[in-house]
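J.: Here it is: the structure, laid out below.
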Protein chains: 2
Amino acid sequence: MRRQNGPVPSQLVSRRDVDFLLHEWLRIEDLLRHDRYAEHDRDTVDAVVDLAEEMAREVFAPINRLLDDQEPVMRPDGTVQQPAELAAALQVYAESGLTASTFDCRVGGSQLPYVVRAAYSSFLQASSIGAFAYPFLSEGNAHLLVAHGTPEQVDRYARPVIDGRWFGTMCLSEPEAGSSLADITTTAHPQPDGTFRLVGSKMWISGGDHELRENIVHLVLARTPDAPAGVRGISLFVVPKRLVGDDGAVGERNDVALVGLNHKMGYRGTTNTLLSFGGGAFTPGGRAGAVGEVVGEVGQGLALMFHMMNEARIGVGSGAVALGYAGYLHALDYARTRTQGRPLDHRDPASPPVPIIEHPDVRRMLLAQKSYVEGGLALVLYCARLLDEAQVAAGEPERRAVTGLLDLLTPVAKSWPSEWCLRANDLAIQVHGGYGYTRDFPVEQLYRDNRLNPIHEGTHGIQALDLLGRKVPQHDGAHVVELARRVRETTDRARAATGPHAGRLADHAEALDRAVDAATRAARGALGAGSRAEALANASYYLTAFGHVVVAWLWLEQELAALEHDGAFYDGKRAAARYFFAHELPAVHHWFDLVAARDRATLDVDPASL
Amino acid sequence: MRRQNGPVPSQLVSRRDVDFLLHEWLRIEDLLRHDRYAEHDRDTVDAVVDLAEEMAREVFAPINRLLDDQEPVMRPDGTVQQPAELAAALQVYAESGLTASTFDCRVGGSQLPYVVRAAYSSFLQASSIGAFAYPFLSEGNAHLLVAHGTPEQVDRYARPVIDGRWFGTMCLSEPEAGSSLADITTTAHPQPDGTFRLVGSKMWISGGDHELRENIVHLVLARTPDAPAGVRGISLFVVPKRLVGDDGAVGERNDVALVGLNHKMGYRGTTNTLLSFGGGAFTPGGRAGAVGEVVGEVGQGLALMFHMMNEARIGVGSGAVALGYAGYLHALDYARTRTQGRPLDHRDPASPPVPIIEHPDVRRMLLAQKSYVEGGLALVLYCARLLDEAQVAAGEPERRAVTGLLDLLTPVAKSWPSEWCLRANDLAIQVHGGYGYTRDFPVEQLYRDNRLNPIHEGTHGIQALDLLGRKVPQHDGAHVVELARRVRETTDRARAATGPHAGRLADHAEALDRAVDAATRAARGALGAGSRAEALANASYYLTAFGHVVVAWLWLEQELAALEHDGAFYDGKRAAARYFFAHELPAVHHWFDLVAARDRATLDVDPASL
């Protein structure tokens, strides 16, 4: 990873903002003092972000529209056709060594903090979410294997991914079992040699097939023949597209076949596939089934897969932020250069038209976008930093508190950006007017790409059940207590602030404390007594409102980090925080009220009457 | 128009709902008693709706995806290539005679109420918004000419449109003047013979060119050479694509040339064009400029164009409703047939999965859609019925009250469905999960098509300024007083209701009265004293909240219409109303508070800090 020349402004993600969040707010220099990160300092961090930003701008952004225009096609021979430019771009990424950034040195990694990876990835996700998904997912795949695989599995299947030579997938859903993993039917038949033969279909597999790499490492959820019903009967298997010899050499095709490609509204750089395992297209050794090895113990499958799924969930959130961020910067540029109309107080038609950023409603749309995308980026980086804090925790209680908080925030980090940064893309189109609806401007693709994010890796509704039904009550509410403690620590600092912004900070602290109280009351009201259906009927509102509270907190944190500073950048932070507290946060009270009241409108309706 | 056999259920718009709104709620039989509609009764109305519904289902729906897949292409010779199926479908519509439905008998029309046209059009808009836009816009074009053209202009330009032989457009925007019509530069040079020669460019012209008809009648805003700056200098011209002889025969090309087609995210059945007037591609008589005739007086252009624009605005709203409605019915069907997961209170994995409509969060998404699309259809039909009431008003005061209320509601009818029925399409995708993001299901196209509606015919922000800045204070607030009077009449009836639903109706009446009070306070607070910029800075929130109040009122109206009836259909109405009052209406108070407080967050921000 070599240091590039100074960054050139791009319309992907604001580098100034990334530097502010990493260094002025999260103070990652404190993190870098730990032994684990002894190889790194501010310079190496800057160099990595420079590298990613340049690659995003020069390599991936130029092919983003092309990948949208030329979606993947399945050839008659079952292979996938994609623009040659995609493979070339991914090769540049592979050669950069960034794939290995967060892995331990012992497996060939650079042992960089996750928070740095989250920061630099935002540029790559903003430049071409569909292209970058291949290595991004693959890194999660290898992280799982490194954490839970045998040393042989790590060497055989993870190292080639860490080296950038192969890609990996996660194979969970099936055509009849999307959100409901308890109902998967793919079966793994044990073999005398300790391997398994897998038979079944897997749906919605991103990067499930392509010609971009010599091999693809599938991590597959399946049932063993005598497994109990439900999620306890699920195990995890590593199943390569091509079999791998003991020497690591890639051999004959495994019985994993591409059945079809899904044709999507957006996100078209990434193949999304229906795969057949053991369908007989390729029968290694003449025997039926795709050859796989169990990862961890039989029956642990779902728990292990969550290692990758939680990473993927935060990755979905960071992708949503990145797409929203790129849209915001495009809208901002358009609003500054497009002239149209006159100020409401100076309508003289003989005066020249003004840039549309002068119109309050355009500023509203820009401030909303700014508050969503910068708030979302803060959320994603905060979560990534929790991963790092867990790595260097001083003891088990601290580690448990940190991972518990991360567990609580994972559905929020997945869902809040997926909802509000998609909204940001919607507003970016609106700022552009009719032009935004055409394919001559990038905002319409960003909107289409981002529409996937509230769906995959668990829909908004699924995340809501996870948050209110599981994470909030977990360990007697310990995660929520930890969050409330951290929020209170922030509001105490805000109330103690002095100087010209003290009044506003105190107001924000008070509004935030009230919102936290409302969140607590809502959870108590919902989870108190009565049926689980009633408790969780309004969980979606709770998730949305909870996300707004968390992001308001992170805006107050940013205001505090900006407190002692003057200048346009810091004024912008204050303006966005002011917008978020005045225009967005108050909406949570209505949502929390519905939750607390266990409103039964959705339960009482007779489905036949709809 | 012949009576078809009984309707077959379609996934476009609920016929049962349309019949309920027309007959049980709006009681259009009362309207039909007026002399103007003497030719019509319930049977003729049913026959027309049957005809449109069948045509939507059998003729337009089957080509909707095709029109999306094969967007219009400009050939090297400057003509437009579109699928042949489009012309064939539009010919069926032309031959149905529906184009003439609302026109006066004296110009070849059927003198049907607008409310009936709005009802039957919803099926056609739902079936293929891009195809149906040609005749729909053309009807507005001819309505304007019939109202404001000379008898010769009506005969020459409107009659062929009413007969279904030609199409028409509205040409307002220019590349540098979209929302800001004051800045248009297209110039109309007067000629000795009383005609004009037009020179300039027009952008975003829907149906601006195509090979679907022998001729296209453009209605064009332009300035005369000595006109004052601003909107007072704008005049309206009728400019045919091909010149028309005194005998009505279509002659040589006028100097109107297609410069380019806009490539859009959706709505691809409709060509959207950049046109050059007087660019010299065709020079009739060897002289420069496109030949046009002034409509009305010089300088009246914008006022006259509003005749068509107001119709188009309600048409945008009805299109947004139709697209949202189709998405809702698809989502409902999917939710009833797709099985996945188990009830929250019965998680036994050995039990069979249930249809996803059993999950409260799926029901929430369905109820939200239902409340938006049925509420939106009620809004559109109510506005159309106001047009009819104006036609048959007993005297000038009544006519003024009715048209004033329609003026007030026009920005709402345009914007509220564009915002919330697009949201319905978003939820329809979400109900489908991953499948909804693919092009194998129609909901993704509906979402892309509907995204245009918050933009064209005046963006959301423009409508908001129109509502709060103009329509609310107009005539000392007379329109708002009329609206409040009608709402109060409804809430009085609701409070007087008896029977098992009386308690809920009384609660809804009280909530609605409170919301109307909040709307009044917000407008007073905003428009009180101080700068116009401050007064209107939060107008977008006012528009959204005002729309929610109006739709809540129309939901209470529907509850009253359903009051004496049992059965699934009426229970569904009550369930959607309950949802809207509990989950949606309370949100208005936060929005109105921002307006009333004249919140300055968007005004105070330094644009350089964004």
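A note on labels: chains of the structure tokens are A, B, ... as shown, every chain counts residues from 1, and ligands are counted from 1 in their shown order.
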Find the residues of chain B in contact range of chain A, meaning any atom within 6 Å when counting only C-alpha atoms, and list them as a PDB file with N, CA and C atoms, in the first residue's frame.
T.:
```pdb
ATOM      1  N   SER B 180     -38.988  27.644 -13.219  1.00  0.00           N
ATOM      2  CA  SER B 180     -39.056  29.109 -13.276  1.00  0.00           C
ATOM      3  C   SER B 180     -39.535  29.572 -14.642  1.00  0.00           C
ATOM      4  N   ALA B 229     -40.734  41.613 -18.841  1.00  0.00           N
ATOM      5  CA  ALA B 229     -40.064  40.488 -18.183  1.00  0.00           C
ATOM      6  C   ALA B 229     -41.046  39.777 -17.269  1.00  0.00           C
ATOM      7  N   GLY B 230     -40.753  38.528 -16.970  1.00  0.00           N
ATOM      8  CA  GLY B 230     -41.560  37.788 -16.005  1.00  0.00           C
ATOM      9  C   GLY B 230     -42.772  37.148 -16.640  1.00  0.00           C
ATOM     10  N   HIS B 263     -33.798   9.883 -21.528  1.00  0.00           N
ATOM     11  CA  HIS B 263     -33.804   8.474 -21.130  1.00  0.00           C
ATOM     12  C   HIS B 263     -34.047   8.396 -19.641  1.00  0.00           C
ATOM     13  N   LYS B 264     -35.213   7.874 -19.311  1.00  0.00           N
ATOM     14  CA  LYS B 264     -35.715   7.994 -17.956  1.00  0.00           C
ATOM     15  C   LYS B 264     -35.639   6.705 -17.157  1.00  0.00           C
ATOM     16  N   MET B 265     -35.713   6.873 -15.857  1.00  0.00           N
ATOM     17  CA  MET B 265     -35.748   5.729 -14.943  1.00  0.00           C
ATOM     18  C   MET B 265     -36.979   4.865 -15.178  1.00  0.00           C
ATOM     19  N   GLY B 341     -42.344 -18.445   7.425  1.00  0.00           N
ATOM     20  CA  GLY B 341     -42.296 -18.187   8.858  1.00  0.00           C
ATOM     21  C   GLY B 341     -43.569 -18.593   9.589  1.00  0.00           C
ATOM     22  N   LEU B 344     -45.799 -15.093  15.689  1.00  0.00           N
ATOM     23  CA  LEU B 344     -44.884 -14.806  16.795  1.00  0.00           C
ATOM     24  C   LEU B 344     -45.258 -15.572  18.058  1.00  0.00           C
ATOM     25  N   ASP B 345     -46.519 -15.948  18.192  1.00  0.00           N
ATOM     26  CA  ASP B 345     -46.933 -16.677  19.385  1.00  0.00           C
ATOM     27  C   ASP B 345     -46.948 -18.196  19.188  1.00  0.00           C
ATOM     28  N   PRO B 349     -41.306 -25.131  14.928  1.00  0.00           N
ATOM     29  CA  PRO B 349     -40.797 -25.307  13.563  1.00  0.00           C
ATOM     30  C   PRO B 349     -41.421 -26.494  12.847  1.00  0.00           C
ATOM     31  N   PRO B 360     -47.769  -9.421  11.564  1.00  0.00           N
ATOM     32  CA  PRO B 360     -48.252  -8.043  11.802  1.00  0.00           C
ATOM     33  C   PRO B 360     -47.520  -7.002  10.958  1.00  0.00           C
ATOM     34  N   ARG B 363     -48.885  -6.922   7.548  1.00  0.00           N
ATOM     35  CA  ARG B 363     -50.195  -6.246   7.580  1.00  0.00           C
ATOM     36  C   ARG B 363     -50.043  -4.746   7.710  1.00  0.00           C
ATOM     37  N   ARG B 364     -49.066  -4.331   8.510  1.00  0.00           N
ATOM     38  CA  ARG B 364     -48.808  -2.889   8.621  1.00  0.00           C
ATOM     39  C   ARG B 364     -48.511  -2.320   7.238  1.00  0.00           C
ATOM     40  N   GLY B 433     -40.203  -8.776  -0.640  1.00  0.00           N
ATOM     41  CA  GLY B 433     -38.820  -9.163  -0.318  1.00  0.00           C
ATOM     42  C   GLY B 433     -37.953  -9.108  -1.563  1.00  0.00           C
ATOM     43  N   TYR B 437     -37.574  -6.868  -5.804  1.00  0.00           N
ATOM     44  CA  TYR B 437     -36.464  -6.089  -6.381  1.00  0.00           C
ATOM     45  C   TYR B 437     -36.106  -6.586  -7.777  1.00  0.00           C
ATOM     46  N   THR B 438     -36.706  -7.685  -8.180  1.00  0.00           N
ATOM     47  CA  THR B 438     -36.410  -8.213  -9.515  1.00  0.00           C
ATOM     48  C   THR B 438     -37.461  -7.764 -10.518  1.00  0.00           C
ATOM     49  N   ARG B 439     -37.097  -7.866 -11.765  1.00  0.00           N
ATOM     50  CA  ARG B 439     -38.029  -7.489 -12.814  1.00  0.00           C
ATOM     51  C   ARG B 439     -38.993  -8.631 -13.156  1.00  0.00           C
ATOM     52  N   ILE B 455     -42.060  15.038  -9.323  1.00  0.00           N
ATOM     53  CA  ILE B 455     -41.259  16.014 -10.068  1.00  0.00           C
ATOM     54  C   ILE B 455     -42.078  16.783 -11.090  1.00  0.00           C
ATOM     55  N   ARG B 532     -41.238  36.877   3.765  1.00  0.00           N
ATOM     56  CA  ARG B 532     -41.889  35.818   3.016  1.00  0.00           C
ATOM     57  C   ARG B 532     -41.020  34.558   3.011  1.00  0.00           C
ATOM     58  N   ALA B 533     -39.720  34.738   2.975  1.00  0.00           N
ATOM     59  CA  ALA B 533     -38.819  33.580   2.990  1.00  0.00           C
ATOM     60  C   ALA B 533     -39.031  32.775   4.274  1.00  0.00           C
ATOM     61  N   ALA B 537     -40.491  28.985   4.428  1.00  0.00           N
ATOM     62  CA  ALA B 537     -39.313  28.107   4.522  1.00  0.00           C
ATOM     63  C   ALA B 537     -39.711  26.654   4.771  1.00  0.00           C
ATOM     64  N   ALA B 568     -66.797  -7.952   4.743  1.00  0.00           N
ATOM     65  CA  ALA B 568     -65.351  -7.786   4.637  1.00  0.00           C
ATOM     66  C   ALA B 568     -64.971  -6.452   4.006  1.00  0.00           C
ATOM     67  N   PHE B 569     -65.674  -6.063   2.938  1.00  0.00           N
ATOM     68  CA  PHE B 569     -65.287  -4.833   2.255  1.00  0.00           C
ATOM     69  C   PHE B 569     -65.358  -3.640   3.200  1.00  0.00           C
ATOM     70  N   ASP B 571     -65.484  -3.710   6.503  1.00  0.00           N
ATOM     71  CA  ASP B 571     -64.519  -3.880   7.595  1.00  0.00           C
ATOM     72  C   ASP B 571     -63.129  -3.411   7.160  1.00  0.00           C
ATOM     73  N   GLY B 572     -62.804  -3.665   5.901  1.00  0.00           N
ATOM     74  CA  GLY B 572     -61.522  -3.208   5.381  1.00  0.00           C
ATOM     75  C   GLY B 572     -61.418  -1.696   5.376  1.00  0.00           C
ATOM     76  N   ALA B 575     -60.827  -0.696   8.902  1.00  0.00           N
ATOM     77  CA  ALA B 575     -59.471  -1.031   9.356  1.00  0.00           C
ATOM     78  C   ALA B 575     -58.445  -0.037   8.800  1.00  0.00           C
ATOM     79  N   TYR B 579     -56.173   2.523  10.923  1.00  0.00           N
ATOM     80  CA  TYR B 579     -54.722   2.630  10.730  1.00  0.00           C
ATOM     81  C   TYR B 579     -54.331   4.085  10.476  1.00  0.00           C
ATOM     82  N   ALA B 601     -33.966  26.737  10.511  1.00  0.00           N
ATOM     83  CA  ALA B 601     -32.783  25.890  10.281  1.00  0.00           C
ATOM     84  C   ALA B 601     -32.326  25.940   8.828  1.00  0.00           C
ATOM     85  N   THR B 602     -33.269  25.966   7.899  1.00  0.00           N
ATOM     86  CA  THR B 602     -32.864  25.962   6.482  1.00  0.00           C
ATOM     87  C   THR B 602     -32.473  27.348   6.001  1.00  0.00           C
ATOM     88  N   LEU B 603     -32.926  28.386   6.721  1.00  0.00           N
ATOM     89  CA  LEU B 603     -32.586  29.756   6.306  1.00  0.00           C
ATOM     90  C   LEU B 603     -31.228  30.182   6.838  1.00  0.00           C
ATOM     91  N   VAL B 605     -28.589  28.403   7.602  1.00  0.00           N
ATOM     92  CA  VAL B 605     -27.380  27.673   7.206  1.00  0.00           C
ATOM     93  C   VAL B 605     -26.651  28.432   6.084  1.00  0.00           C
ATOM     94  N   SER B 609     -21.245  26.045   3.890  1.00  0.00           N
ATOM     95  CA  SER B 609     -20.888  25.056   4.913  1.00  0.00           C
ATOM     96  C   SER B 609     -21.474  23.680   4.621  1.00  0.00           C
ATOM     97  N   LEU B 610     -22.296  23.593   3.587  1.00  0.00           N
ATOM     98  CA  LEU B 610     -22.902  22.285   3.275  1.00  0.00           C
ATOM     99  C   LEU B 610     -21.907  21.407   2.536  1.00  0.00           C
TER     100      LEU B 610
END
```
J.: Mind the document's chain letters and residue numbers, and return as an mmCIF file with C-alpha atoms, in the first residue's frame the residues of stretch 359-570 of chain B that DSSP labels helix (DSSP H, G or I).
T.:
```cif
data_model
loop_
_atom_site.group_PDB
_atom_site.id
_atom_site.type_symbol
_atom_site.label_atom_id
_atom_site.label_comp_id
_atom_site.auth_asym_id
_atom_site.auth_seq_id
_atom_site.Cartn_x
_atom_site.Cartn_y
_atom_site.Cartn_z
ATOM 1 C CA PRO B 360 -48.252 -8.043 11.802
ATOM 2 C CA ASP B 361 -45.501 -6.133 10.033
ATOM 3 C CA VAL B 362 -46.695 -7.336 6.630
ATOM 4 C CA ARG B 363 -50.195 -6.246 7.580
ATOM 5 C CA ARG B 364 -48.808 -2.889 8.621
ATOM 6 C CA MET B 365 -47.300 -2.486 5.156
ATOM 7 C CA LEU B 366 -50.561 -3.561 3.518
ATOM 8 C CA LEU B 367 -52.696 -1.286 5.681
ATOM 9 C CA ALA B 368 -50.379 1.614 4.976
ATOM 10 C CA GLN B 369 -50.657 0.981 1.239
ATOM 11 C CA LYS B 370 -54.413 0.582 1.453
ATOM 12 C CA SER B 371 -54.786 3.801 3.398
ATOM 13 C CA TYR B 372 -52.619 5.686 0.907
ATOM 14 C CA VAL B 373 -54.107 4.384 -2.322
ATOM 15 C CA GLU B 374 -57.752 4.276 -1.315
ATOM 16 C CA GLY B 375 -57.355 7.611 0.443
ATOM 17 C CA GLY B 376 -55.609 8.978 -2.629
ATOM 18 C CA LEU B 377 -58.330 7.717 -4.955
ATOM 19 C CA ALA B 378 -60.947 9.345 -2.752
ATOM 20 C CA LEU B 379 -58.999 12.606 -2.950
ATOM 21 C CA VAL B 380 -58.723 12.495 -6.731
ATOM 22 C CA LEU B 381 -62.374 11.610 -7.196
ATOM 23 C CA TYR B 382 -63.420 14.316 -4.762
ATOM 24 C CA CYS B 383 -61.504 16.903 -6.777
ATOM 25 C CA ALA B 384 -62.990 15.644 -10.030
ATOM 26 C CA ARG B 385 -66.417 15.850 -8.514
ATOM 27 C CA LEU B 386 -65.717 19.493 -7.569
ATOM 28 C CA LEU B 387 -65.105 20.168 -11.270
ATOM 29 C CA ASP B 388 -68.529 18.740 -11.973
ATOM 30 C CA GLU B 389 -70.119 20.689 -9.117
ATOM 31 C CA ALA B 390 -68.725 23.858 -10.669
ATOM 32 C CA GLN B 391 -70.381 22.922 -13.959
ATOM 33 C CA GLU B 396 -72.062 32.305 -8.949
ATOM 34 C CA PRO B 397 -71.354 32.259 -5.169
ATOM 35 C CA GLU B 398 -71.674 28.478 -5.102
ATOM 36 C CA ARG B 399 -69.550 28.134 -8.210
ATOM 37 C CA ARG B 400 -66.892 30.395 -6.701
ATOM 38 C CA ALA B 401 -66.838 28.416 -3.458
ATOM 39 C CA VAL B 402 -66.460 25.159 -5.329
ATOM 40 C CA THR B 403 -63.737 26.342 -7.710
ATOM 41 C CA GLY B 404 -61.932 28.037 -4.803
ATOM 42 C CA LEU B 405 -61.891 24.768 -2.886
ATOM 43 C CA LEU B 406 -60.641 22.989 -5.992
ATOM 44 C CA ASP B 407 -57.877 25.571 -6.357
ATOM 45 C CA LEU B 408 -56.876 24.908 -2.757
ATOM 46 C CA LEU B 409 -56.907 21.153 -3.194
ATOM 47 C CA THR B 410 -55.145 21.021 -6.568
ATOM 48 C CA PRO B 411 -51.576 21.145 -5.158
ATOM 49 C CA VAL B 412 -52.650 18.558 -2.583
ATOM 50 C CA ALA B 413 -54.192 16.278 -5.210
ATOM 51 C CA LYS B 414 -50.971 16.551 -7.194
ATOM 52 C CA SER B 415 -48.498 16.104 -4.364
ATOM 53 C CA TRP B 416 -50.002 13.940 -1.679
ATOM 54 C CA PRO B 417 -50.476 10.879 -3.916
ATOM 55 C CA SER B 418 -47.081 11.526 -5.513
ATOM 56 C CA GLU B 419 -45.477 11.271 -2.098
ATOM 57 C CA TRP B 420 -47.534 8.585 -0.384
ATOM 58 C CA CYS B 421 -48.511 6.338 -3.273
ATOM 59 C CA LEU B 422 -44.844 6.213 -4.241
ATOM 60 C CA ARG B 423 -44.315 5.200 -0.635
ATOM 61 C CA ALA B 424 -46.989 2.550 -1.244
ATOM 62 C CA ASN B 425 -44.953 1.222 -4.166
ATOM 63 C CA ASP B 426 -41.904 1.145 -1.921
ATOM 64 C CA LEU B 427 -43.858 -0.934 0.588
ATOM 65 C CA ALA B 428 -45.184 -3.201 -2.165
ATOM 66 C CA ILE B 429 -41.592 -4.055 -3.033
ATOM 67 C CA GLN B 430 -40.817 -4.615 0.628
ATOM 68 C CA VAL B 431 -43.727 -7.045 1.005
ATOM 69 C CA HIS B 432 -42.288 -9.040 -1.906
ATOM 70 C CA GLY B 433 -38.820 -9.163 -0.318
ATOM 71 C CA GLY B 434 -36.056 -10.007 -2.764
ATOM 72 C CA TYR B 435 -38.557 -10.938 -5.441
ATOM 73 C CA GLY B 436 -39.890 -7.382 -5.411
ATOM 74 C CA TYR B 437 -36.464 -6.089 -6.381
ATOM 75 C CA VAL B 443 -43.794 -3.801 -8.441
ATOM 76 C CA GLU B 444 -40.294 -2.599 -9.319
ATOM 77 C CA GLN B 445 -41.516 -0.985 -12.528
ATOM 78 C CA LEU B 446 -44.423 0.642 -10.707
ATOM 79 C CA TYR B 447 -41.934 2.153 -8.259
ATOM 80 C CA ARG B 448 -39.719 3.477 -11.039
ATOM 81 C CA ASP B 449 -42.680 4.806 -12.989
ATOM 82 C CA ASN B 450 -44.131 6.522 -9.941
ATOM 83 C CA HIS B 460 -43.344 19.043 -4.387
ATOM 84 C CA GLY B 461 -41.595 22.245 -3.322
ATOM 85 C CA ILE B 462 -43.359 24.289 -5.996
ATOM 86 C CA GLN B 463 -46.748 22.892 -4.988
ATOM 87 C CA ALA B 464 -45.946 23.717 -1.378
ATOM 88 C CA LEU B 465 -45.321 27.372 -2.236
ATOM 89 C CA ASP B 466 -48.526 27.392 -4.257
ATOM 90 C CA LEU B 467 -50.502 25.995 -1.317
ATOM 91 C CA LEU B 468 -49.145 27.982 1.613
ATOM 92 C CA GLY B 469 -47.998 31.052 -0.265
ATOM 93 C CA ARG B 470 -50.969 31.536 -2.555
ATOM 94 C CA LYS B 471 -53.996 29.286 -2.152
ATOM 95 C CA GLN B 474 -56.192 33.800 -1.288
ATOM 96 C CA HIS B 475 -59.410 35.825 -0.875
ATOM 97 C CA ASP B 476 -58.705 36.310 2.830
ATOM 98 C CA GLY B 477 -58.500 32.577 3.393
ATOM 99 C CA ALA B 478 -61.931 31.885 1.882
ATOM 100 C CA HIS B 479 -60.902 28.507 0.429
ATOM 101 C CA VAL B 480 -59.628 27.258 3.765
ATOM 102 C CA VAL B 481 -62.806 28.424 5.443
ATOM 103 C CA GLU B 482 -64.839 26.455 2.905
ATOM 104 C CA LEU B 483 -62.713 23.373 3.513
ATOM 105 C CA ALA B 484 -63.000 23.730 7.291
ATOM 106 C CA ARG B 485 -66.759 24.114 6.931
ATOM 107 C CA ARG B 486 -66.992 20.857 4.994
ATOM 108 C CA VAL B 487 -64.707 19.044 7.439
ATOM 109 C CA ARG B 488 -66.745 20.245 10.370
ATOM 110 C CA GLU B 489 -69.907 19.060 8.683
ATOM 111 C CA THR B 490 -68.288 15.612 8.483
ATOM 112 C CA THR B 491 -67.050 15.568 12.063
ATOM 113 C CA ASP B 492 -70.486 16.653 13.276
ATOM 114 C CA ARG B 493 -72.037 13.712 11.466
ATOM 115 C CA ALA B 494 -69.371 11.412 12.882
ATOM 116 C CA ARG B 495 -70.064 12.549 16.445
ATOM 117 C CA ALA B 502 -69.840 5.258 17.186
ATOM 118 C CA GLY B 503 -66.988 5.409 19.682
ATOM 119 C CA ARG B 504 -64.287 5.139 17.079
ATOM 120 C CA LEU B 505 -65.989 7.663 14.803
ATOM 121 C CA ALA B 506 -66.193 10.154 17.653
ATOM 122 C CA ASP B 507 -62.492 9.635 18.402
ATOM 123 C CA HIS B 508 -61.613 10.152 14.772
ATOM 124 C CA ALA B 509 -63.749 13.282 14.602
ATOM 125 C CA GLU B 510 -61.977 14.709 17.600
ATOM 126 C CA ALA B 511 -58.524 13.889 16.211
ATOM 127 C CA LEU B 512 -59.452 15.428 12.889
ATOM 128 C CA ASP B 513 -60.783 18.617 14.452
ATOM 129 C CA ARG B 514 -57.541 18.919 16.416
ATOM 130 C CA ALA B 515 -55.525 18.450 13.257
ATOM 131 C CA VAL B 516 -57.541 21.107 11.445
ATOM 132 C CA ASP B 517 -56.911 23.487 14.342
ATOM 133 C CA ALA B 518 -53.200 22.735 14.100
ATOM 134 C CA ALA B 519 -53.280 23.441 10.371
ATOM 135 C CA THR B 520 -54.968 26.773 11.011
ATOM 136 C CA ARG B 521 -52.469 27.724 13.704
ATOM 137 C CA ALA B 522 -49.595 26.718 11.449
ATOM 138 C CA ALA B 523 -50.777 28.888 8.572
ATOM 139 C CA ARG B 524 -51.425 31.833 10.888
ATOM 140 C CA GLY B 525 -48.039 31.434 12.523
ATOM 141 C CA ALA B 526 -46.239 31.184 9.220
ATOM 142 C CA LEU B 527 -48.056 33.938 7.356
ATOM 143 C CA ARG B 532 -41.889 35.818 3.016
ATOM 144 C CA ALA B 533 -38.819 33.580 2.990
ATOM 145 C CA GLU B 534 -39.380 32.779 6.657
ATOM 146 C CA ALA B 535 -43.090 32.306 6.162
ATOM 147 C CA LEU B 536 -42.565 29.747 3.407
ATOM 148 C CA ALA B 539 -43.968 25.057 3.260
ATOM 149 C CA SER B 540 -43.136 21.491 2.202
ATOM 150 C CA TYR B 541 -44.045 20.207 5.636
ATOM 151 C CA TYR B 542 -47.246 22.194 5.517
ATOM 152 C CA LEU B 543 -48.177 20.605 2.193
ATOM 153 C CA THR B 544 -47.486 17.098 3.469
ATOM 154 C CA ALA B 545 -49.331 17.657 6.735
ATOM 155 C CA PHE B 546 -52.222 19.456 5.061
ATOM 156 C CA GLY B 547 -52.551 16.500 2.701
ATOM 157 C CA HIS B 548 -52.663 14.110 5.626
ATOM 158 C CA VAL B 549 -55.461 16.168 7.195
ATOM 159 C CA VAL B 550 -57.455 16.203 3.979
ATOM 160 C CA VAL B 551 -57.032 12.467 3.477
ATOM 161 C CA ALA B 552 -57.942 11.778 7.105
ATOM 162 C CA TRP B 553 -61.120 13.745 6.469
ATOM 163 C CA LEU B 554 -61.882 11.644 3.395
ATOM 164 C CA TRP B 555 -61.241 8.495 5.432
ATOM 165 C CA LEU B 556 -63.758 9.670 7.995
ATOM 166 C CA GLU B 557 -66.147 10.322 5.107
ATOM 167 C CA GLN B 558 -65.615 6.754 3.932
ATOM 168 C CA GLU B 559 -66.191 5.412 7.425
ATOM 169 C CA LEU B 560 -69.496 7.260 7.467
ATOM 170 C CA ALA B 561 -70.440 5.866 4.075
ATOM 171 C CA ALA B 562 -69.619 2.385 5.400
ATOM 172 C CA ALA B 568 -65.351 -7.786 4.637
ATOM 173 C CA PHE B 569 -65.287 -4.833 2.255
ATOM 174 C CA TYR B 570 -66.645 -2.390 4.835
#
```
J.: Which distance in Å separates atom CA of A:Arg65 and atom CA of A:Pro442, to one decimal?
T.: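 Separating atom CA of A:Arg65 from atom CA of A:Pro442 is a distance of 7.9 Å.
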J.: Just checking: using only C-alpha atoms, which residue out of A:Ser127, A:Asn272, A:Gln81, A:Ser96 ends up closest to A:Gly327?
T.: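 Distance minimum relative to A:Gly327 lands on A:Ser127.
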